[in-house]
file data25.cif (mmCIF, C-alpha atoms)
data_my_file
#
loop_
_atom_site.label_atom_id
_atom_site.label_comp_id
_atom_site.auth_asym_id
_atom_site.auth_seq_id
_atom_site.Cartn_x
_atom_site.Cartn_y
_atom_site.Cartn_z
CA MET J 1 0.00 0.00 0.00
CA LEU J 2 1.27 3.47 -0.78
CA PRO J 3 2.22 5.23 2.44
CA THR J 4 0.43 8.54 2.81
CA THR J 5 1.52 11.32 5.10
CA SER J 6 0.59 14.93 5.58
CA ARG J 7 3.37 17.48 5.18
CA GLY J 8 5.00 18.11 8.52
CA ARG J 9 3.27 15.19 10.22
CA ALA J 10 4.27 11.57 10.76
CA PRO J 11 2.16 8.80 9.21
CA SER J 12 -0.56 7.34 11.36
CA SER J 13 0.14 4.19 13.35
CA SER J 14 -2.36 2.17 11.29
CA THR J 15 -0.60 3.17 8.07
CA SER J 16 2.79 2.29 9.55
CA ARG J 17 1.53 -1.13 10.64
CA ALA J 18 0.07 -1.79 7.19
CA ASN J 19 3.32 -0.85 5.47
CA SER J 20 5.46 -2.95 7.81
CA SER J 21 3.28 -6.03 7.31
CA THR J 22 2.98 -5.89 3.51
CA PHE J 23 6.47 -7.12 2.60
CA PRO J 24 6.63 -10.14 4.99
CA GLN J 25 3.17 -11.20 3.84
CA TYR J 26 4.31 -10.87 0.22
CA LEU J 27 7.34 -13.08 0.89
CA ARG J 28 5.23 -15.74 2.61
CA ARG J 29 3.06 -16.07 -0.51
CA ILE J 30 6.09 -17.00 -2.65
CA ILE J 31 5.99 -20.60 -1.43
CA LYS J 32 2.19 -20.88 -1.79
CA TRP J 33 1.49 -21.62 -5.45
CA GLN J 34 -2.22 -22.13 -4.81
CA GLN J 35 -2.51 -18.44 -3.87
CA MET J 36 -0.84 -17.18 -7.05
CA ASP J 37 -2.78 -16.06 -10.10
CA ILE J 38 -0.65 -17.75 -12.78
CA GLU J 39 -3.05 -17.08 -15.65
CA TYR J 40 -3.20 -13.34 -14.93
CA THR J 41 0.60 -13.23 -14.66
CA PHE J 42 1.05 -14.73 -18.13
CA TRP J 43 -1.55 -12.26 -19.43
CA GLN J 44 0.53 -9.43 -18.00
CA MET J 45 3.73 -10.81 -19.53
CA LEU J 46 2.13 -11.07 -22.97
CA ASN J 47 0.71 -7.56 -22.84
CA LEU J 48 3.97 -6.06 -21.56
CA CYS J 49 5.43 -7.13 -24.91
CA THR J 50 2.49 -6.01 -27.05
CA SER J 51 0.29 -3.49 -25.17
CA PRO J 52 2.08 -2.28 -22.01
CA LYS J 53 -0.34 0.60 -21.43
CA VAL J 54 -3.12 -1.96 -20.89
CA VAL J 55 -1.12 -3.51 -18.04
CA TYR J 56 -0.73 -0.18 -16.29
CA GLN J 57 -4.40 0.61 -16.83
CA HIS J 58 -5.07 -2.52 -14.78
CA THR J 59 -2.63 -1.17 -12.19
CA LYS J 60 -5.06 1.71 -11.71
CA TYR J 61 -7.92 -0.75 -11.21
CA HIS J 62 -5.77 -2.64 -8.69
CA LYS J 63 -5.29 0.58 -6.73
CA GLN J 64 -9.04 1.23 -6.74
CA THR J 65 -9.99 -2.27 -5.61
CA LYS J 66 -7.16 -3.14 -3.20
CA ASN J 67 -5.99 0.34 -2.24
CA GLN J 68 -2.37 -0.29 -3.25
CA TRP J 69 -0.31 0.16 -6.38
CA ALA J 70 2.14 -2.70 -5.84
CA ARG J 71 1.23 -6.30 -6.57
CA ASP J 72 0.20 -8.40 -3.62
CA ASP J 73 0.87 -11.54 -5.69
CA PRO J 74 4.53 -12.64 -6.13
CA ALA J 75 3.67 -14.85 -9.13
CA PHE J 76 5.31 -12.47 -11.62
CA ILE J 77 8.68 -12.59 -9.86
CA VAL J 78 8.50 -16.37 -9.35
CA ILE J 79 7.63 -17.13 -12.98
CA CYS J 80 10.17 -14.65 -14.33
CA SER J 81 12.86 -16.24 -12.15
CA LEU J 82 11.96 -19.72 -13.37
CA LEU J 83 12.07 -18.59 -17.00
CA LEU J 84 15.48 -17.02 -16.39
CA VAL J 85 16.78 -20.30 -14.97
CA VAL J 86 15.48 -22.22 -18.00
CA ALA J 87 17.08 -19.71 -20.38
CA ALA J 88 20.39 -19.85 -18.50
CA LEU J 89 20.36 -23.65 -18.62
CA ALA J 90 19.73 -23.53 -22.38
CA TYR J 91 22.79 -21.29 -22.84
CA CYS J 92 24.85 -23.60 -20.64
CA ALA J 93 23.78 -26.65 -22.62
CA ALA J 94 24.87 -24.97 -25.85
CA TYR J 95 28.02 -23.15 -24.77
CA ASP J 96 29.26 -24.24 -21.35
CA HIS J 97 32.15 -26.57 -20.60
CA SER J 98 31.39 -27.89 -17.09
CA ALA J 99 28.50 -28.53 -14.76
CA GLY J 100 30.10 -26.53 -11.97
CA HIS J 101 30.51 -23.49 -14.17
CA ALA J 102 26.92 -23.90 -15.38
CA VAL J 103 25.72 -23.60 -11.77
CA PHE J 104 27.72 -20.38 -11.45
CA VAL J 105 26.18 -19.00 -14.66
CA VAL J 106 22.62 -19.80 -13.57
CA ILE J 107 23.08 -18.25 -10.12
CA SER J 108 24.80 -15.13 -11.45
CA ILE J 109 22.14 -14.56 -14.13
CA LEU J 110 19.24 -15.04 -11.72
CA PHE J 111 20.60 -13.02 -8.83
CA PHE J 112 22.83 -10.42 -10.46
CA HIS J 113 21.02 -9.81 -13.77
CA PHE J 114 17.53 -9.81 -12.28
CA LEU J 115 17.19 -9.67 -8.50
CA ILE J 116 20.20 -7.74 -7.17
CA SER J 117 20.50 -5.29 -10.06
CA GLY J 118 16.71 -4.93 -10.03
CA ALA J 119 16.71 -4.14 -6.31
CA GLY J 120 19.40 -1.53 -6.89
CA LEU J 121 17.54 0.10 -9.78
CA ALA J 122 14.26 -0.01 -7.84
CA THR J 123 15.91 1.64 -4.84
CA PHE J 124 17.34 4.40 -7.05
CA CYS J 125 13.97 5.07 -8.72
CA TRP J 126 12.14 4.85 -5.39
CA PHE J 127 14.45 7.48 -3.89
CA LEU J 128 14.38 9.68 -7.01
CA THR J 129 10.59 9.74 -7.33
CA ASN J 130 9.94 10.36 -3.65
CA ALA J 131 12.66 12.98 -3.27
CA TYR J 132 12.33 14.95 -6.51
CA LEU J 133 9.34 13.97 -8.65
CA ARG J 134 6.37 14.16 -6.28
CA GLU J 135 3.95 17.04 -6.76
CA GLU J 136 3.99 19.63 -4.03
CA ALA J 137 0.94 19.51 -1.77
CA PRO J 138 -1.09 22.74 -2.20
CA ASN J 139 -1.62 23.06 1.58
CA SER J 140 -0.82 21.30 4.81
CA HIS J 141 -4.21 19.59 4.98
CA VAL J 142 -3.70 17.57 1.80
CA VAL J 143 -2.46 14.03 2.37
CA GLU J 144 0.75 13.30 0.47
CA GLN J 145 1.37 10.03 -1.31
CA ARG J 146 4.69 8.30 -1.73
CA VAL J 147 5.97 5.61 -4.06
CA GLU J 148 6.55 2.43 -2.11
CA TRP J 149 9.67 0.38 -2.75
CA LEU J 150 7.74 -2.76 -3.71
CA TYR J 151 5.96 -0.88 -6.50
CA ALA J 152 9.32 0.38 -7.79
CA PHE J 153 10.51 -3.24 -7.91
CA ASP J 154 7.29 -4.21 -9.73
CA VAL J 155 8.07 -1.58 -12.36
CA HIS J 156 11.54 -3.05 -12.80
CA CYS J 157 10.12 -6.57 -13.19
CA ASN J 158 7.59 -5.36 -15.76
CA SER J 159 10.32 -3.57 -17.70
CA PHE J 160 12.70 -6.51 -17.44
CA PHE J 161 10.43 -9.14 -18.97
CA PRO J 162 10.35 -7.85 -22.60
CA MET J 163 14.13 -7.33 -22.33
CA PHE J 164 14.39 -10.95 -21.18
CA VAL J 165 12.46 -12.06 -24.27
CA MET J 166 14.81 -10.11 -26.57
CA LEU J 167 18.18 -10.66 -24.87
CA TYR J 168 17.72 -14.19 -23.54
CA VAL J 169 15.21 -15.92 -25.82
CA ILE J 170 15.53 -14.27 -29.25
CA HIS J 171 19.24 -13.73 -28.65
CA TYR J 172 19.68 -17.43 -27.89
CA PHE J 173 18.35 -18.51 -31.27
CA LEU J 174 20.31 -15.81 -33.10
CA SER J 175 23.51 -16.27 -31.09
CA PRO J 176 25.39 -18.34 -33.73
CA LEU J 177 25.03 -15.35 -36.06
CA LEU J 178 25.46 -12.59 -33.47
CA VAL J 179 28.75 -13.88 -32.02
CA ALA J 180 30.41 -14.19 -35.43
CA HIS J 181 33.13 -11.81 -36.55
CA GLY J 182 32.36 -8.96 -38.90
CA PHE J 183 30.39 -5.77 -39.28
CA MET J 184 26.93 -7.29 -39.81
CA PRO J 185 26.92 -9.40 -36.61
CA ALA J 186 28.07 -6.34 -34.63
CA LEU J 187 25.35 -4.20 -36.25
CA LEU J 188 22.58 -6.72 -35.53
CA SER J 189 23.81 -7.33 -31.98
CA ASN J 190 23.93 -3.62 -31.16
CA LEU J 191 20.51 -3.12 -32.73
CA LEU J 192 19.00 -5.89 -30.59
CA PHE J 193 20.57 -4.51 -27.41
CA MET J 194 19.50 -0.96 -28.32
CA VAL J 195 15.86 -1.97 -28.81
CA ALA J 196 15.84 -4.02 -25.60
CA ALA J 197 17.38 -1.25 -23.48
CA SER J 198 15.14 1.43 -25.01
CA TYR J 199 12.00 -0.63 -24.39
CA TYR J 200 13.09 -1.23 -20.80
CA HIS J 201 13.33 2.50 -20.15
CA TYR J 202 10.05 3.17 -21.96
CA LEU J 203 8.23 0.71 -19.70
CA ASN J 204 9.98 2.24 -16.72
CA PHE J 205 8.53 5.59 -17.78
CA LEU J 206 5.02 4.12 -18.13
CA GLY J 207 5.24 2.60 -14.66
CA TYR J 208 5.87 5.93 -12.97
CA ASP J 209 3.83 8.06 -15.34
CA VAL J 210 0.67 6.21 -14.26
CA LEU J 211 1.05 7.50 -10.70
CA PRO J 212 -1.07 10.68 -10.47
CA PHE J 213 1.04 12.28 -7.72
CA LEU J 214 4.29 12.29 -9.74
CA GLU J 215 5.43 14.95 -12.17
CA ARG J 216 8.32 15.29 -14.67
CA THR J 217 8.27 11.52 -15.23
CA THR J 218 9.68 12.09 -18.74
CA PHE J 219 13.02 11.97 -16.91
CA PHE J 220 12.81 8.18 -17.30
CA LEU J 221 12.86 8.56 -21.10
CA TYR J 222 16.21 10.37 -21.16
CA PRO J 223 18.33 7.17 -21.10
CA ILE J 224 16.74 6.16 -24.42
CA GLY J 225 18.43 9.11 -26.08
CA VAL J 226 21.77 8.06 -24.60
CA VAL J 227 21.30 4.50 -25.88
CA ILE J 228 20.37 5.68 -29.40
CA VAL J 229 23.40 7.97 -29.59
CA LEU J 230 25.78 5.39 -28.13
CA SER J 231 24.77 2.46 -30.34
CA PRO J 232 26.14 3.79 -33.69
CA ILE J 233 29.40 4.68 -31.94
CA LEU J 234 29.73 1.12 -30.67
CA VAL J 235 28.96 -0.30 -34.11
CA LEU J 236 31.57 1.90 -35.82
CA SER J 237 34.13 0.98 -33.17
CA GLY J 238 33.53 -2.71 -33.91
CA PHE J 239 32.17 -3.54 -30.45
CA ASN J 240 29.85 -6.56 -30.42
CA PRO J 241 27.88 -6.81 -27.13
CA SER J 242 26.86 -10.40 -27.89
CA ARG J 243 30.46 -11.54 -28.26
CA TYR J 244 31.45 -9.57 -25.18
CA PHE J 245 28.86 -11.06 -22.84
CA MET J 246 29.12 -14.56 -24.26
CA ASN J 247 32.90 -14.49 -23.80
CA VAL J 248 32.45 -13.29 -20.22
CA TYR J 249 30.44 -16.40 -19.38
CA PHE J 250 31.53 -18.97 -21.97
CA SER J 251 35.04 -17.91 -22.98
CA GLN J 252 36.13 -21.42 -23.94
CA ARG J 253 33.30 -21.99 -26.43
CA VAL J 254 32.82 -18.63 -28.16
CA TYR J 255 35.43 -17.54 -30.63
#

call {"tool": "encode", "arguments": {"input": "data25.cif", "output": "structure tokens"}}
result
Amino acid sequence: MLPTTSRGRAPSSSTSRANSSTFPQYLRRIIKWQQMDIEYTFWQMLNLCTSPKVVYQHTKYHKQTKNQWARDDPAFIVICSLLLVVAALAYCAAYDHSAGHAVFVVISILFFHFLISGAGLATFCWFLTNAYLREEAPNSHVVEQRVEWLYAFDVHCNSFFPMFVMLYVIHYFLSPLLVAHGFMPALLSNLLFMVAASYYHYLNFLGYDVLPFLERTTFFLYPIGVVIVLSPILVLSGFNPSRYFMNVYFSQRVY
């Protein structure tokens, strides 16, 4: 639930208790598959790739019905983690050289690529939105709303999934071409990474733009410009992100 406080006053005790109990309750539901809405989660994943605004329209409905912006169902994180493990195992089967190293690859992809980096990005966006992007309350009697950390992590997960489809699934099938030497593989690899990164930041923008108490959310679109400018420079310099990342993890099998 979004914590709400009046300017100059501390949040009420009932609000504090609700906020403190949300996260532990969320974690407890991770091991209870029967309480997860798997069908709705797959619907969200599909629409994040095709019609992301529809997903965030449903976020508004969720706020109206359950009085919170963040998901109370951990199914999205659980399914996304499982899909990441499957994708990592597919890469290991095709390119790895030992079972022990494959375990390292799976763990590093799941925790570093998704959970730890996601927690860091969510924390940054959570701090940024609450500190600089909230609308000023017109008077002291208006209750202020704040972005909760769990919603910021939801936004990251939503933004990550289409990038997962492009950089883990599509990339897997194109990897024999993308890791080859030459200008065309470097061009295609940079194009794929550019589209994936740009779409991530676009969905990040949609996630915060839907919150009515935030302003200047176009800030989250600025990284797209950086990505678009940087990509041609990388292509002309001969840098191939597919070869780079594949060599980081599978240096003995990618040439």

call {"tool": "closest_residue", "arguments": {"input": "data25.cif", "among": "J:Tyr249, J:Tyr132, J:Trp126, J:Phe183", "to": "Ile107 in chain J", "atoms": "only C-alpha atoms"}}
result
J:Tyr249

call {"tool": "closest_residue", "arguments": {"input": "data25.cif", "among": "J:Pro162, J:Gly207, J:Pro232, J:Gly182", "to": "Leu46 in chain J", "atoms": "all atoms listed in the file"}}
result
J:Pro162

call {"tool": "residues_near_point", "arguments": {"input": "data25.cif", "point": "(7.7, 19.0, -9.1)", "cutoff": "12 Å", "atoms": "all atoms listed in the file", "output": "number ranges by chain"}}
result
J: 128-138, 213-217, 219

call {"tool": "closest_residue", "arguments": {"input": "data25.cif", "among": "J:Ala122, J:Val106, J:Val155, J:Val235", "to": "Leu203 in chain J", "atoms": "all atoms listed in the file"}}
result
J:Val155

call {"tool": "resolve_selection", "arguments": {"input": "data25.cif", "expression": "the PyMOL selection byres ((chain J and resi 118) around 10)", "output": "list in words"}}
result
Phe111, Phe112, His113, Phe114, Leu115, Ile116, Ser117, Ala119, Gly120, Leu121, Ala122, Thr123, Phe124, Ala152, Phe153, Asp154, Val155, His156, Cys157 and Phe160 of chain J

call {"tool": "closest_residue", "arguments": {"input": "data25.cif", "among": "J:Ser198, J:Gln145, J:Asn240, J:Asp209", "to": "Pro185 in chain J", "atoms": "only C-alpha atoms"}}
result
J:Asn240

call {"tool": "resolve_selection", "arguments": {"input": "data25.cif", "expression": "the PyMOL selection byres ((chain J and resi 186) around 9)", "output": "ChimeraX atom specification"}}
result
/J:178-185,187-191,234-235,238-243

call {"tool": "closest_residue", "arguments": {"input": "data25.cif", "among": "J:Tyr244, J:Pro74, J:Ser237, J:Pro176", "to": "Gln34 in chain J", "atoms": "all atoms listed in the file"}}
result
J:Pro74

call {"tool": "resolve_selection", "arguments": {"input": "data25.cif", "expression": "the PyMOL selection byres ((chain J and resi 68) around 10)", "output": "PyMOL selection string"}}
result
chain J and resi 1-3+59-67+69-72+148+151

call {"tool": "closest_residue", "arguments": {"input": "data25.cif", "among": "J:Phe220, J:Tyr172, J:Met45, J:Pro212", "to": "Ala94 in chain J", "atoms": "all atoms listed in the file"}}
result
J:Tyr172

call {"tool": "atom_distance", "arguments": {"input": "data25.cif", "atom1": "CA of Ser251 in chain J", "atom2": "CA of Leu110 in chain J"}}
result
19.6 Å

call {"tool": "atom_distance", "arguments": {"input": "data25.cif", "atom1": "CA of Val195 in chain J", "atom2": "CA of Tyr222 in chain J"}}
result
14.5 Å

call {"tool": "atom_distance", "arguments": {"input": "data25.cif", "atom1": "CA of Ile224 in chain J", "atom2": "CA of Pro52 in chain J"}}
result
17.1 Å

call {"tool": "residues_around", "arguments": {"input": "data25.cif", "residues": "Tyr91 in chain J", "least_positions_apart": "3", "cutoff": "10 Å", "atoms": "only C-alpha atoms", "output": "JSON, numbers by chain"}}
result
{"J": [85, 86, 87, 88, 94, 95, 96, 102, 105, 106, 168, 169, 172, 173, 175, 246, 249, 250]}

call {"tool": "decode", "arguments": {"input": "data25.cif", "residues": "range 123-167 of chain J", "atoms": "C-alpha atoms", "output": "short mmCIF file (atom, residue, chain, number, x, y, z; two decimals), in the first residue's frame"}}
result
data_model
loop_
_atom_site.label_atom_id
_atom_site.label_comp_id
_atom_site.auth_asym_id
_atom_site.auth_seq_id
_atom_site.Cartn_x
_atom_site.Cartn_y
_atom_site.Cartn_z
CA THR J 123 15.91 1.64 -4.84
CA PHE J 124 17.34 4.40 -7.05
CA CYS J 125 13.97 5.07 -8.72
CA TRP J 126 12.14 4.85 -5.39
CA PHE J 127 14.45 7.48 -3.89
CA LEU J 128 14.38 9.68 -7.01
CA THR J 129 10.59 9.74 -7.33
CA ASN J 130 9.94 10.36 -3.65
CA ALA J 131 12.66 12.98 -3.27
CA TYR J 132 12.33 14.95 -6.51
CA LEU J 133 9.34 13.97 -8.65
CA ARG J 134 6.37 14.16 -6.28
CA GLU J 135 3.95 17.04 -6.76
CA GLU J 136 3.99 19.63 -4.03
CA ALA J 137 0.94 19.51 -1.77
CA PRO J 138 -1.09 22.74 -2.20
CA ASN J 139 -1.62 23.06 1.58
CA SER J 140 -0.82 21.30 4.81
CA HIS J 141 -4.21 19.59 4.98
CA VAL J 142 -3.70 17.57 1.80
CA VAL J 143 -2.46 14.03 2.37
CA GLU J 144 0.75 13.30 0.47
CA GLN J 145 1.37 10.03 -1.31
CA ARG J 146 4.69 8.30 -1.73
CA VAL J 147 5.97 5.61 -4.06
CA GLU J 148 6.55 2.43 -2.11
CA TRP J 149 9.67 0.38 -2.75
CA LEU J 150 7.74 -2.76 -3.71
CA TYR J 151 5.96 -0.88 -6.50
CA ALA J 152 9.32 0.38 -7.79
CA PHE J 153 10.51 -3.24 -7.91
CA ASP J 154 7.29 -4.21 -9.73
CA VAL J 155 8.07 -1.58 -12.36
CA HIS J 156 11.54 -3.05 -12.80
CA CYS J 157 10.12 -6.57 -13.19
CA ASN J 158 7.59 -5.36 -15.76
CA SER J 159 10.32 -3.57 -17.70
CA PHE J 160 12.70 -6.51 -17.44
CA PHE J 161 10.43 -9.14 -18.97
CA PRO J 162 10.35 -7.85 -22.60
CA MET J 163 14.13 -7.33 -22.33
CA PHE J 164 14.39 -10.95 -21.18
CA VAL J 165 12.46 -12.06 -24.27
CA MET J 166 14.81 -10.11 -26.57
CA LEU J 167 18.18 -10.66 -24.87
#
